[in-house]
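Enquirer: As input, take coords.cif (mmCIF, C-alpha atoms):
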```
data_entry
#
loop_
_atom_site.label_atom_id
_atom_site.label_comp_id
_atom_site.auth_asym_id
_atom_site.auth_seq_id
_atom_site.Cartn_x
_atom_site.Cartn_y
_atom_site.Cartn_z
CA MET L 293 0.00 0.00 0.00
CA SER L 294 1.11 3.54 -0.57
CA SER L 295 2.04 5.79 2.30
CA SER L 296 -0.43 8.11 3.96
CA GLN L 297 -1.43 11.30 2.20
CA SER L 298 0.06 14.51 3.55
CA GLY L 299 -1.29 18.05 3.67
CA PRO L 300 -4.76 19.36 4.49
CA VAL L 301 -7.78 17.39 3.31
CA SER L 302 -11.25 18.81 2.96
CA LYS L 303 -13.87 17.56 5.37
CA ASN L 304 -15.93 15.85 2.68
CA ALA L 305 -13.18 13.85 0.89
CA ARG L 306 -14.05 10.65 2.72
CA ALA L 307 -17.77 11.25 2.20
CA VAL L 308 -17.14 11.59 -1.54
CA ALA L 309 -15.13 8.37 -1.52
CA ALA L 310 -17.90 6.55 0.36
CA LYS L 311 -20.54 7.60 -2.17
CA LEU L 312 -18.35 6.44 -5.06
CA LEU L 313 -17.76 3.13 -3.30
CA ASP L 314 -21.53 2.76 -2.89
CA ARG L 315 -21.88 2.93 -6.67
CA VAL L 316 -19.18 0.32 -7.21
CA GLU L 317 -20.78 -2.19 -4.85
CA ARG L 318 -24.49 -1.40 -5.11
CA ASP L 319 -24.70 -0.67 -8.83
CA GLY L 320 -21.88 -2.87 -10.08
CA ALA L 321 -20.11 0.19 -11.53
CA TYR L 322 -16.42 -0.05 -12.42
CA ALA L 323 -14.17 1.81 -10.00
CA ASN L 324 -12.09 3.43 -12.73
CA LEU L 325 -15.18 4.67 -14.59
CA VAL L 326 -16.78 5.97 -11.42
CA LEU L 327 -13.65 7.96 -10.64
CA ALA L 328 -13.30 9.20 -14.21
CA SER L 329 -16.86 10.55 -14.24
CA ALA L 330 -16.69 12.18 -10.80
CA GLU L 331 -15.80 15.84 -10.39
CA LEU L 332 -13.19 15.53 -7.67
CA PRO L 333 -11.85 18.54 -5.77
CA ASP L 334 -8.29 19.08 -6.98
CA ARG L 335 -6.49 18.96 -3.67
CA ASP L 336 -8.36 15.81 -2.55
CA ALA L 337 -8.36 13.88 -5.85
CA GLY L 338 -5.32 11.81 -4.90
CA LEU L 339 -6.73 10.75 -1.54
CA ILE L 340 -10.19 9.98 -2.93
CA THR L 341 -8.66 7.88 -5.72
CA GLU L 342 -6.48 6.01 -3.22
CA LEU L 343 -9.45 5.33 -0.97
CA VAL L 344 -11.75 4.12 -3.77
CA TYR L 345 -9.19 1.80 -5.34
CA GLY L 346 -7.70 0.65 -2.04
CA VAL L 347 -11.00 -0.05 -0.29
CA THR L 348 -12.33 -1.82 -3.38
CA ARG L 349 -9.28 -4.10 -3.47
CA MET L 350 -9.12 -4.74 0.26
CA ARG L 351 -12.86 -4.99 0.91
CA ARG L 352 -12.75 -8.50 2.35
CA ALA L 353 -9.86 -7.82 4.73
CA LEU L 354 -11.45 -4.56 5.87
CA ASP L 355 -14.76 -6.24 6.61
CA TYR L 356 -12.89 -8.79 8.70
CA LEU L 357 -11.39 -5.97 10.76
CA ILE L 358 -14.76 -4.28 11.18
CA ASP L 359 -17.15 -7.15 11.72
CA GLY L 360 -15.74 -8.20 15.08
CA PHE L 361 -17.07 -4.94 16.51
CA VAL L 362 -20.42 -4.80 14.70
CA SER L 363 -23.48 -6.66 15.97
CA ASP L 364 -26.02 -5.46 13.41
CA PRO L 365 -24.95 -4.99 9.76
CA PRO L 366 -24.79 -1.26 8.96
CA ASP L 367 -26.18 0.26 5.78
CA LEU L 368 -23.87 0.33 2.76
CA THR L 369 -22.70 3.94 3.10
CA THR L 370 -21.88 3.48 6.79
CA ARG L 371 -20.05 0.24 6.01
CA ASN L 372 -18.01 2.00 3.34
CA LEU L 373 -17.10 4.75 5.79
CA LEU L 374 -15.97 2.09 8.27
CA ARG L 375 -13.93 0.46 5.51
CA ILE L 376 -12.39 3.83 4.68
CA GLY L 377 -11.44 4.36 8.31
CA ALA L 378 -10.03 0.85 8.69
CA TYR L 379 -8.09 1.19 5.43
CA GLN L 380 -6.44 4.37 6.66
CA LEU L 381 -5.64 2.84 10.03
CA HIS L 382 -4.18 -0.48 8.92
CA MET L 383 -3.10 -0.04 5.29
CA LEU L 384 -2.20 3.64 4.90
CA ASP L 385 -0.77 4.06 8.40
CA THR L 386 -2.70 7.30 8.83
CA PRO L 387 -2.45 8.55 12.44
CA ALA L 388 -5.40 7.19 14.40
CA TYR L 389 -6.71 10.59 15.52
CA ALA L 390 -6.88 11.81 11.91
CA ALA L 391 -8.31 8.62 10.42
CA VAL L 392 -11.02 8.33 13.06
CA SER L 393 -11.99 11.99 13.45
CA GLU L 394 -12.11 12.79 9.72
CA THR L 395 -14.10 9.64 8.92
CA VAL L 396 -16.55 10.34 11.74
CA GLU L 397 -16.96 13.88 10.39
CA ALA L 398 -17.89 12.42 6.98
CA ALA L 399 -20.61 10.19 8.45
CA PRO L 400 -24.29 11.19 8.69
CA ARG L 401 -24.91 12.78 12.08
CA ARG L 402 -27.04 9.89 13.33
CA GLN L 403 -24.22 7.40 12.60
CA ARG L 404 -21.26 9.35 13.97
CA GLY L 405 -21.30 7.79 17.43
CA PHE L 406 -21.42 4.29 15.93
CA VAL L 407 -18.62 4.99 13.42
CA ASN L 408 -16.49 6.54 16.15
CA ALA L 409 -16.94 3.59 18.52
CA VAL L 410 -16.16 0.95 15.89
CA LEU L 411 -13.12 2.72 14.45
CA ARG L 412 -11.60 3.33 17.87
CA ARG L 413 -11.78 -0.43 18.49
CA VAL L 414 -10.35 -1.16 15.04
CA ALA L 415 -7.50 1.29 15.69
CA ASP L 416 -6.48 -0.58 18.85
CA MET L 417 -6.62 -4.10 17.39
CA GLU L 418 -3.73 -6.20 16.12
CA PRO L 419 -5.14 -8.19 13.21
CA ALA L 420 -5.08 -11.98 13.53
CA TRP L 421 -6.16 -13.03 10.05
CA SER L 422 -8.27 -16.17 9.77
CA THR L 423 -6.86 -17.19 6.36
CA GLU L 424 -4.47 -15.92 3.71
CA ALA L 425 -7.44 -15.28 1.44
CA VAL L 426 -8.90 -12.91 4.06
CA ARG L 427 -5.57 -11.19 4.72
CA LEU L 428 -4.90 -10.71 1.02
CA SER L 429 -8.56 -9.86 0.35
CA TYR L 430 -9.41 -12.22 -2.50
CA PRO L 431 -12.19 -14.80 -2.95
CA ASP L 432 -11.32 -18.21 -1.49
CA TRP L 433 -11.59 -19.98 -4.86
CA MET L 434 -9.11 -17.59 -6.48
CA VAL L 435 -6.45 -18.07 -3.82
CA GLU L 436 -6.97 -21.84 -3.75
CA ARG L 437 -6.79 -22.07 -7.53
CA LEU L 438 -3.55 -20.12 -7.79
CA GLU L 439 -2.03 -21.99 -4.84
CA ALA L 440 -2.75 -25.25 -6.65
CA ASP L 441 -1.47 -23.99 -10.02
CA LEU L 442 1.57 -21.95 -8.93
CA GLY L 443 2.39 -23.20 -5.46
CA ALA L 444 1.45 -21.31 -2.31
CA THR L 445 4.61 -19.18 -2.11
CA GLU L 446 4.42 -17.87 -5.68
CA ALA L 447 0.64 -17.47 -5.56
CA HIS L 448 0.73 -15.42 -2.36
CA ALA L 449 3.55 -13.24 -3.70
CA ALA L 450 1.59 -12.58 -6.90
CA LEU L 451 -1.57 -11.69 -5.00
CA GLU L 452 0.39 -9.49 -2.59
CA GLN L 453 1.98 -7.63 -5.49
CA MET L 454 -1.42 -7.00 -7.09
CA ASN L 455 -2.63 -5.32 -3.90
CA LYS L 456 -0.23 -2.48 -4.70
CA PRO L 457 -1.04 0.23 -7.23
CA ALA L 458 0.14 -0.86 -10.67
CA PRO L 459 2.83 1.25 -12.37
CA VAL L 460 1.88 3.36 -15.38
CA THR L 461 4.08 2.80 -18.43
CA ALA L 462 3.79 4.81 -21.63
CA ARG L 463 5.30 3.77 -24.96
CA PRO L 464 7.19 6.30 -27.10
CA ASP L 465 3.97 6.93 -29.06
CA GLY L 466 2.18 7.89 -25.83
CA TYR L 467 0.03 4.77 -25.54
CA VAL L 468 -0.18 3.57 -21.93
CA GLN L 469 0.55 -0.16 -21.85
CA ASP L 470 1.98 -2.49 -19.21
CA ARG L 471 5.53 -3.61 -19.96
CA ALA L 472 4.57 -7.31 -20.02
CA SER L 473 2.06 -6.61 -22.78
CA GLN L 474 4.76 -4.75 -24.68
CA TRP L 475 7.03 -7.77 -24.32
CA VAL L 476 4.32 -10.02 -25.79
CA ALA L 477 4.10 -7.73 -28.83
CA GLU L 478 7.89 -7.97 -29.20
CA LEU L 479 7.64 -11.77 -29.30
CA VAL L 480 5.27 -11.62 -32.28
CA ASP L 481 8.30 -10.23 -34.16
CA PRO L 482 6.62 -9.36 -37.49
CA GLN L 483 8.97 -9.20 -40.46
CA PRO L 484 8.83 -6.62 -43.28
CA GLY L 485 6.18 -7.45 -45.82
CA GLU L 486 4.42 -10.09 -43.72
CA ARG L 487 0.66 -10.18 -43.15
CA VAL L 488 -0.14 -10.22 -39.44
CA LEU L 489 -3.52 -10.69 -37.76
CA ASP L 490 -4.29 -9.60 -34.21
CA MET L 491 -7.35 -11.79 -33.72
CA CYS L 492 -8.63 -10.33 -30.40
CA ALA L 493 -7.26 -6.84 -30.76
CA GLY L 494 -9.45 -4.59 -28.61
CA PRO L 495 -8.64 -2.04 -27.29
CA GLY L 496 -5.65 -2.00 -29.63
CA GLY L 497 -2.48 -1.93 -27.52
CA LYS L 498 -0.72 -4.83 -29.18
CA ALA L 499 -2.10 -4.13 -32.67
CA THR L 500 -0.79 -0.57 -32.63
CA ALA L 501 2.58 -1.80 -31.34
CA LEU L 502 2.78 -4.36 -34.16
CA ALA L 503 1.94 -1.65 -36.68
CA SER L 504 5.25 0.07 -35.92
CA SER L 505 6.92 -2.68 -37.95
CA SER L 506 6.95 -2.82 -41.74
CA ALA L 507 4.40 -5.61 -41.72
CA THR L 508 0.78 -5.38 -42.88
CA VAL L 509 -1.30 -5.60 -39.70
CA VAL L 510 -5.01 -6.42 -39.58
CA ALA L 511 -6.85 -6.03 -36.27
CA ALA L 512 -10.06 -7.87 -35.44
CA ASP L 513 -12.34 -8.11 -32.44
CA HIS L 514 -15.73 -9.80 -32.11
CA ARG L 515 -17.32 -6.79 -30.40
CA GLN L 516 -17.97 -3.74 -32.53
CA HIS L 517 -17.25 -1.25 -29.74
CA ARG L 518 -13.87 -2.85 -29.08
CA ALA L 519 -13.05 -2.76 -32.77
CA SER L 520 -13.95 0.93 -32.68
CA LEU L 521 -11.53 1.40 -29.77
CA VAL L 522 -8.78 -0.17 -31.88
CA ALA L 523 -9.46 2.29 -34.70
CA ALA L 524 -9.53 5.22 -32.27
CA ASN L 525 -6.26 4.21 -30.62
CA ALA L 526 -4.62 3.69 -34.01
CA ALA L 527 -5.60 7.25 -34.90
CA LYS L 528 -4.25 8.60 -31.60
CA THR L 529 -0.91 6.83 -31.90
CA GLY L 530 -0.52 7.30 -35.64
CA ALA L 531 -0.39 3.54 -36.15
CA SER L 532 -1.04 2.41 -39.71
CA LEU L 533 -3.32 -0.62 -39.68
CA ALA L 534 -4.32 -2.36 -42.91
CA GLY L 535 -7.81 -2.88 -41.53
CA VAL L 536 -9.92 -3.03 -38.39
CA VAL L 537 -12.67 -5.66 -38.52
CA ALA L 538 -15.50 -6.64 -36.16
CA ALA L 539 -15.33 -10.42 -36.50
CA ASP L 540 -15.83 -13.59 -34.46
CA GLY L 541 -12.40 -15.09 -33.91
CA CYS L 542 -13.85 -18.60 -33.66
CA HIS L 543 -15.31 -18.19 -37.17
CA PRO L 544 -13.03 -15.59 -38.79
CA PRO L 545 -13.99 -14.11 -42.17
CA PHE L 546 -10.52 -14.59 -43.64
CA ARG L 547 -9.19 -17.03 -46.20
CA PRO L 548 -7.39 -20.07 -44.74
CA HIS L 549 -3.60 -19.76 -44.59
CA SER L 550 -3.75 -16.07 -45.54
CA PHE L 551 -1.52 -14.70 -42.74
CA ASP L 552 2.14 -15.12 -41.90
CA ARG L 553 1.57 -14.55 -38.18
CA VAL L 554 -1.54 -14.64 -36.01
CA LEU L 555 -1.65 -13.27 -32.48
CA VAL L 556 -4.35 -14.68 -30.21
CA ASP L 557 -4.37 -12.33 -27.21
CA ALA L 558 -7.36 -14.20 -25.89
CA PRO L 559 -10.17 -13.19 -23.52
CA CYS L 560 -9.30 -14.60 -20.10
CA THR L 561 -10.06 -14.36 -16.40
CA GLY L 562 -7.55 -11.51 -16.08
CA LEU L 563 -6.08 -12.78 -12.82
CA GLY L 564 -2.75 -11.26 -13.81
CA VAL L 565 -4.08 -7.70 -14.04
CA LEU L 566 -5.90 -7.39 -10.72
CA GLY L 567 -3.43 -4.71 -9.66
CA ARG L 568 -4.83 -2.27 -12.22
CA ARG L 569 -8.44 -3.47 -12.16
CA ALA L 570 -9.43 -2.93 -8.56
CA ASP L 571 -12.89 -4.51 -8.73
CA ALA L 572 -12.11 -7.42 -11.08
CA ARG L 573 -11.42 -9.88 -8.26
CA TRP L 574 -15.05 -9.58 -7.17
CA ARG L 575 -16.46 -10.01 -10.71
CA VAL L 576 -14.73 -13.21 -11.83
CA GLY L 577 -16.11 -16.57 -10.68
CA PRO L 578 -14.62 -20.08 -10.59
CA ASN L 579 -16.78 -21.25 -13.50
CA ASP L 580 -15.31 -18.53 -15.71
CA VAL L 581 -11.95 -20.32 -15.83
CA GLU L 582 -13.20 -23.42 -17.64
CA GLU L 583 -15.64 -21.47 -19.79
CA LEU L 584 -12.90 -19.14 -21.01
CA ALA L 585 -10.46 -22.02 -21.50
CA ARG L 586 -12.93 -23.59 -23.92
CA LEU L 587 -13.13 -20.31 -25.84
CA GLN L 588 -9.34 -19.95 -25.86
CA THR L 589 -8.97 -23.45 -27.34
CA LYS L 590 -11.38 -22.58 -30.14
CA LEU L 591 -9.56 -19.33 -30.91
CA VAL L 592 -6.17 -21.03 -31.11
CA ARG L 593 -7.63 -23.74 -33.34
CA ALA L 594 -8.98 -21.05 -35.68
CA ALA L 595 -5.63 -19.24 -35.66
CA PHE L 596 -3.80 -22.33 -36.91
CA ASN L 597 -6.24 -22.53 -39.82
CA LEU L 598 -5.44 -18.94 -40.78
CA VAL L 599 -1.66 -19.14 -40.74
CA ARG L 600 0.35 -20.22 -43.80
CA PRO L 601 2.85 -23.12 -43.83
CA GLU L 602 5.95 -22.14 -41.85
CA GLY L 603 3.86 -19.40 -40.25
CA VAL L 604 3.66 -18.41 -36.59
CA VAL L 605 0.83 -18.53 -34.05
CA ILE L 606 1.27 -16.64 -30.77
CA TYR L 607 -1.10 -17.26 -27.86
CA SER L 608 -1.14 -14.91 -24.88
CA VAL L 609 -3.32 -14.27 -21.83
CA CYS L 610 -3.04 -11.90 -18.86
CA THR L 611 -3.80 -14.62 -16.35
CA MET L 612 -2.00 -17.38 -14.47
CA THR L 613 -4.35 -20.36 -14.11
CA LYS L 614 -3.09 -23.66 -15.45
CA ALA L 615 -6.35 -24.20 -17.37
CA GLU L 616 -5.74 -21.02 -19.41
CA THR L 617 -1.98 -21.44 -19.86
CA ALA L 618 -0.32 -24.86 -19.70
CA ALA L 619 -3.55 -26.71 -20.51
CA ILE L 620 -4.00 -24.69 -23.71
CA ASP L 621 -0.47 -25.65 -24.72
CA ASP L 622 -1.35 -29.28 -23.96
CA ALA L 623 -4.33 -28.98 -26.28
CA VAL L 624 -2.11 -27.56 -29.04
CA ALA L 625 0.35 -30.43 -28.57
CA GLN L 626 -2.49 -32.92 -28.95
CA GLU L 627 -4.32 -31.26 -31.86
CA ARG L 628 -1.29 -29.92 -33.73
CA PRO L 629 1.65 -32.26 -33.02
CA ASP L 630 3.26 -30.92 -36.20
CA ALA L 631 3.52 -27.39 -34.74
CA VAL L 632 6.87 -26.62 -33.12
CA ALA L 633 6.92 -24.64 -29.88
CA VAL L 634 9.43 -21.79 -30.21
CA PRO L 635 11.60 -21.42 -27.06
CA ILE L 636 11.06 -18.17 -25.19
CA ALA L 637 12.33 -18.27 -21.61
CA ASN L 638 15.79 -19.62 -22.45
CA ARG L 639 16.27 -16.72 -24.91
CA ASP L 640 14.68 -13.95 -22.84
CA PRO L 641 15.39 -13.99 -19.07
CA ARG L 642 12.44 -11.73 -18.34
CA TRP L 643 10.23 -14.80 -18.76
CA ARG L 644 10.13 -18.03 -16.73
CA PRO L 645 9.47 -21.41 -18.42
CA HIS L 646 5.87 -22.62 -18.19
CA SER L 647 4.86 -25.73 -20.12
CA ARG L 648 6.28 -25.11 -23.62
CA GLY L 649 5.56 -21.40 -23.27
CA ALA L 650 6.64 -18.72 -20.83
CA LEU L 651 5.16 -16.93 -17.83
CA ILE L 652 5.69 -13.67 -16.00
CA LEU L 653 4.27 -13.32 -12.49
CA PRO L 654 3.48 -9.83 -11.13
CA GLN L 655 6.26 -10.03 -8.55
CA ASP L 656 8.92 -10.85 -11.16
CA HIS L 657 9.22 -7.35 -12.65
CA ASN L 658 6.33 -5.35 -11.10
CA THR L 659 4.21 -5.90 -14.21
CA ASP L 660 0.99 -7.67 -15.03
CA GLY L 661 0.98 -11.46 -14.89
CA MET L 662 1.24 -12.81 -18.44
CA PHE L 663 1.56 -16.12 -20.29
CA VAL L 664 2.70 -16.53 -23.89
CA ALA L 665 3.32 -19.48 -26.19
CA LYS L 666 4.70 -19.29 -29.71
CA TYR L 667 4.34 -21.97 -32.39
CA ARG L 668 5.72 -22.42 -35.89
CA THR L 669 3.79 -24.53 -38.39
CA PRO L 670 5.51 -27.02 -40.73
CA ASP L 671 6.28 -26.16 -44.33
CA ARG L 672 3.53 -28.48 -45.63
#
```
Spell out the structure here as structure tokens.
Expert:
Amino acid sequence: MSSSQSGPVSKNARAVAAKLLDRVERDGAYANLVLASAELPDRDAGLITELVYGVTRMRRALDYLIDGFVSDPPDLTTRNLLRIGAYQLHMLDTPAYAAVSETVEAAPRRQRGFVNAVLRRVADMEPAWSTEAVRLSYPDWMVERLEADLGATEAHAALEQMNKPAPVTARPDGYVQDRASQWVAELVDPQPGERVLDMCAGPGGKATALASSSATVVAADHRQHRASLVAANAAKTGASLAGVVAADGCHPPFRPHSFDRVLVDAPCTGLGVLGRRADARWRVGPNDVEELARLQTKLVRAAFNLVRPEGVVIYSVCTMTKAETAAIDDAVAQERPDAVAVPIANRDPRWRPHSRGALILPQDHNTDGMFVAKYRTPDR
């Protein structure tokens, strides 16, 4: 967690944060969109943003701190104010007098005594967490799944890293893109004159990066609004794309074997990007893993049908579950035994070996978690 905010803070900053948090939980709004649409007072914008993102991430841990001192469940706004107070006390290291008094001041008058009493108890407690999932503030299934797939030590380190604000990295063209995603685009390695397809291109980060080569790059996405985002981002960055198409990647409208390289940056559970998507951990469910793995298998199968002999298929996902990484490679090995897996990790030390592909965990380089596999098809 980041250090406590310094300088004067207006009396209503925590009240503003609580109302925004209400929208995230009650209405299912996305934290980043709620913040983007809010008119935040300039001097308090940093604190409000920290509170909204931090409380959204750490919701489960904060409720554990609070609930030992609450007999009757409070209304949502009061609960969010208690979370805000507990977050300041135990995760921002804000002095107790400031965290308690300012949060009490933000509460409705009828709730101030209650908020004051609970937060004073929370301030004095030394947390004894019931489980790692509670301490780290993730759903049980998510922690258990990553423990099983990565081992407990690596899983906990990844989850811990994603509880910290993610770094912002801008490319030379101004496009903001995580470094691990940039490294995936590098691995596509398009050559001059080649035809390259980014099959699941929205919002356009990798497609616009690929367009900086001398290759002919086509971007596709099955949702029209995401295809529109690709076109908009190409215009912003000055990237020259040969075409942007709204198309179903499982049934692509392209001639077989018509591309030299196909990138499948597939839809996934996104468990590697929870550091920059504060509310995503509460939106993904255990059934999503297998459902998305089935889709990923179909997309990769379609990609092999589009690539020419001696062409290249690249599969990537911003997640870390075995079902969406190693198991997809297993499926390729079974369905396309003629395709050769191109070594990655032994040529690029930023990546660690994972099945026949390569993996980056968030704690490795303070990036998103990312998996990539690269295959070359036979000449005939």
Enquirer: Exactly which residues make up the result of the PyMOL selection byres ((chain L and resi 670) around 6) on this file, given as a PyMOL selection string?
Expert: chain L and resi 601-602+669+671-672
Enquirer: For Gly649 of chain L, please output as an NGL selection string all residues within 9 Å (counting all atoms listed in the file; exclusion window: fewer than 3 positions along the same chain).
Expert: :L and (617-618 or 621 or 633-637 or 644-646 or 663-666)
Enquirer: Name the residues captured by the PyMOL selection byres ((chain L and resi 594) around 12) when it is applied to the shown file; answer as a PyMOL selection string.
Expert: chain L and resi 489+491-492+540-549+554-556+587-593+595-599+605+607+624+627-628
Enquirer: Export C-alpha atoms of the chosen residues as an mmCIF file, keeping the file's coordinate frame?
Expert:
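Heads up, here's the output in part_10.cif:
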```
data_model
loop_
_atom_site.group_PDB
_atom_site.id
_atom_site.type_symbol
_atom_site.label_atom_id
_atom_site.label_comp_id
_atom_site.auth_asym_id
_atom_site.auth_seq_id
_atom_site.Cartn_x
_atom_site.Cartn_y
_atom_site.Cartn_z
ATOM 1 C CA LEU L 489 -3.520 -10.690 -37.760
ATOM 2 C CA MET L 491 -7.350 -11.790 -33.720
ATOM 3 C CA CYS L 492 -8.630 -10.330 -30.400
ATOM 4 C CA ASP L 540 -15.830 -13.590 -34.460
ATOM 5 C CA GLY L 541 -12.400 -15.090 -33.910
ATOM 6 C CA CYS L 542 -13.850 -18.600 -33.660
ATOM 7 C CA HIS L 543 -15.310 -18.190 -37.170
ATOM 8 C CA PRO L 544 -13.030 -15.590 -38.790
ATOM 9 C CA PRO L 545 -13.990 -14.110 -42.170
ATOM 10 C CA PHE L 546 -10.520 -14.590 -43.640
ATOM 11 C CA ARG L 547 -9.190 -17.030 -46.200
ATOM 12 C CA PRO L 548 -7.390 -20.070 -44.740
ATOM 13 C CA HIS L 549 -3.600 -19.760 -44.590
ATOM 14 C CA VAL L 554 -1.540 -14.640 -36.010
ATOM 15 C CA LEU L 555 -1.650 -13.270 -32.480
ATOM 16 C CA VAL L 556 -4.350 -14.680 -30.210
ATOM 17 C CA LEU L 587 -13.130 -20.310 -25.840
ATOM 18 C CA GLN L 588 -9.340 -19.950 -25.860
ATOM 19 C CA THR L 589 -8.970 -23.450 -27.340
ATOM 20 C CA LYS L 590 -11.380 -22.580 -30.140
ATOM 21 C CA LEU L 591 -9.560 -19.330 -30.910
ATOM 22 C CA VAL L 592 -6.170 -21.030 -31.110
ATOM 23 C CA ARG L 593 -7.630 -23.740 -33.340
ATOM 24 C CA ALA L 595 -5.630 -19.240 -35.660
ATOM 25 C CA PHE L 596 -3.800 -22.330 -36.910
ATOM 26 C CA ASN L 597 -6.240 -22.530 -39.820
ATOM 27 C CA LEU L 598 -5.440 -18.940 -40.780
ATOM 28 C CA VAL L 599 -1.660 -19.140 -40.740
ATOM 29 C CA VAL L 605 0.830 -18.530 -34.050
ATOM 30 C CA TYR L 607 -1.100 -17.260 -27.860
ATOM 31 C CA VAL L 624 -2.110 -27.560 -29.040
ATOM 32 C CA GLU L 627 -4.320 -31.260 -31.860
ATOM 33 C CA ARG L 628 -1.290 -29.920 -33.730
#
```
Enquirer: Nearest to Gly603 of chain L among L:Val488, L:Ala378, L:Ala619, L:Leu442, with distances taken over all atoms listed in the file: which residue is it?
Expert: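 Between L:Val488, L:Ala378, L:Ala619, L:Leu442, the residue approaching Gly603 of chain L most closely is L:Val488.
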Enquirer: Can you work out which one of L:Leu357, L:Val347, L:Val396, L:Ala449 has the shortest atom-to-atom distance to Val316 of chain L, counting all atoms listed in the file?
Expert: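 Between L:Leu357, L:Val347, L:Val396, L:Ala449, the residue approaching Val316 of chain L most closely is L:Val347.
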Enquirer: Exactly which residues make up the result of the PyMOL selection byres ((chain L and resi 369) around 12) on this file, given as a PyMOL selection string?
Expert: chain L and resi 306-318+365-368+370-376+395+398-400+403+407
Enquirer: Just how far from atom CA of Asp481 of chain L is atom CA of Ser504 of chain L, in Å to one decimal?
Expert: 10.9 Å
Enquirer: With all atoms listed in the file as the counted atoms, please give the residues lying no more than 9 Å from segment 432-436 of chain L, apart from itself and same-chain residues fewer than 6 positions off, as a PyMOL selection string.
Expert: chain L and resi 424-426+444+447-448+451+563+573+576-578
Enquirer: Return the single residue from L:Leu343, L:Ile358, L:Leu651, L:Ile606 that is closest to Val480 of chain L, with distances computed using only C-alpha atoms.
Expert: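 Residue with the minimum atom-to-atom distance to Val480 of chain L: L:Ile606.
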Enquirer: For a quick check of understanding, using all atoms listed in the file, which of L:Gln469, L:Ala337, L:Ala409, L:Ala305 has the smallest distance to Glu394 of chain L?
Expert: L:Ala305
Enquirer: Considering only C-alpha atoms, state which residue in the set L:Val326, L:Val632, L:Cys610, L:Ile340 is at the smallest distance from Ala472 of chain L.
Expert: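 Comparing L:Val326, L:Val632, L:Cys610, L:Ile340 against Ala472 of chain L, the winner is L:Cys610.
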Enquirer: Using only C-alpha atoms, which protein or nucleic acid residues come within 10 Å of Ala493 of chain L? Drop anything in the same chain fewer than 2 positions from it, and give the result as JSON, numbers by chain.
Expert: {"L": [489, 490, 491, 495, 496, 497, 498, 499, 500, 510, 511, 512, 513, 514, 518, 519, 521, 522, 536, 537, 538, 555, 556, 557, 558]}
Enquirer: I need the residue nearest Leu354 of chain L from this list: L:Gly338, L:Pro559, L:Pro419, L:Gly320. Use all atoms listed in the file for the distance.
Expert: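 Going through L:Gly338, L:Pro559, L:Pro419, L:Gly320 one by one, the smallest distance to Leu354 of chain L is for L:Pro419.
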Enquirer: Can you sort out the box for segment 582-593 of chain L, edges along x, y and z, all listed atoms in, 5 Å on every side, with centre and edge lengths in Å to one decimal, as JSON?
Expert:
```
{"center_x": -10.9, "center_y": -21.4, "center_z": -25.5, "size_x": 19.5, "size_y": 14.6, "size_z": 25.7}
```
Enquirer: How many Å lie between atom CA of Thr659 of chain L and atom CA of Ala450 of chain L, rounded to one decimal?
Expert: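 Between atom CA of Thr659 of chain L and atom CA of Ala450 of chain L the gap works out to 10.2 Å.
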Enquirer: Would you pick out the contacts of Ser505 of chain L at 8 Å or less, using all atoms listed in the file, so that residues sharing its chain but fewer than 4 positions from it are not included, and give the list as a PyMOL selection string?
Expert: chain L and resi 482-484+501
Enquirer: Would you mind completing segment 609-618 of chain L to N, CA and C atoms and writing the output as a CSV table (one decimal), in the frame of the given file?
Expert:
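Printed below is out_37.csv as written:
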```csv
chain,number,residue,atom,x,y,z
L,609,VAL,N,-2.2,-14.6,-22.8
L,609,VAL,CA,-3.3,-14.3,-21.8
L,609,VAL,C,-2.7,-13.6,-20.6
L,610,CYS,N,-3.5,-12.6,-20.1
L,610,CYS,CA,-3.0,-11.9,-18.9
L,610,CYS,C,-3.6,-12.6,-17.6
L,611,THR,N,-3.3,-13.9,-17.5
L,611,THR,CA,-3.8,-14.6,-16.4
L,611,THR,C,-2.8,-15.7,-16.0
L,612,MET,N,-3.0,-16.5,-14.9
L,612,MET,CA,-2.0,-17.4,-14.5
L,612,MET,C,-2.5,-18.8,-14.1
L,613,THR,N,-3.8,-19.0,-14.4
L,613,THR,CA,-4.4,-20.4,-14.1
L,613,THR,C,-3.8,-21.4,-15.1
L,614,LYS,N,-3.6,-22.6,-14.6
L,614,LYS,CA,-3.1,-23.7,-15.4
L,614,LYS,C,-4.0,-24.0,-16.6
L,615,ALA,N,-5.4,-23.9,-16.3
L,615,ALA,CA,-6.4,-24.2,-17.4
L,615,ALA,C,-6.2,-23.3,-18.6
L,616,GLU,N,-5.8,-22.0,-18.3
L,616,GLU,CA,-5.7,-21.0,-19.4
L,616,GLU,C,-4.3,-20.9,-20.0
L,617,THR,N,-3.4,-21.6,-19.4
L,617,THR,CA,-2.0,-21.4,-19.9
L,617,THR,C,-1.4,-22.8,-20.3
L,618,ALA,N,-0.9,-23.6,-19.4
L,618,ALA,CA,-0.3,-24.9,-19.7
L,618,ALA,C,-1.3,-25.8,-20.4
```
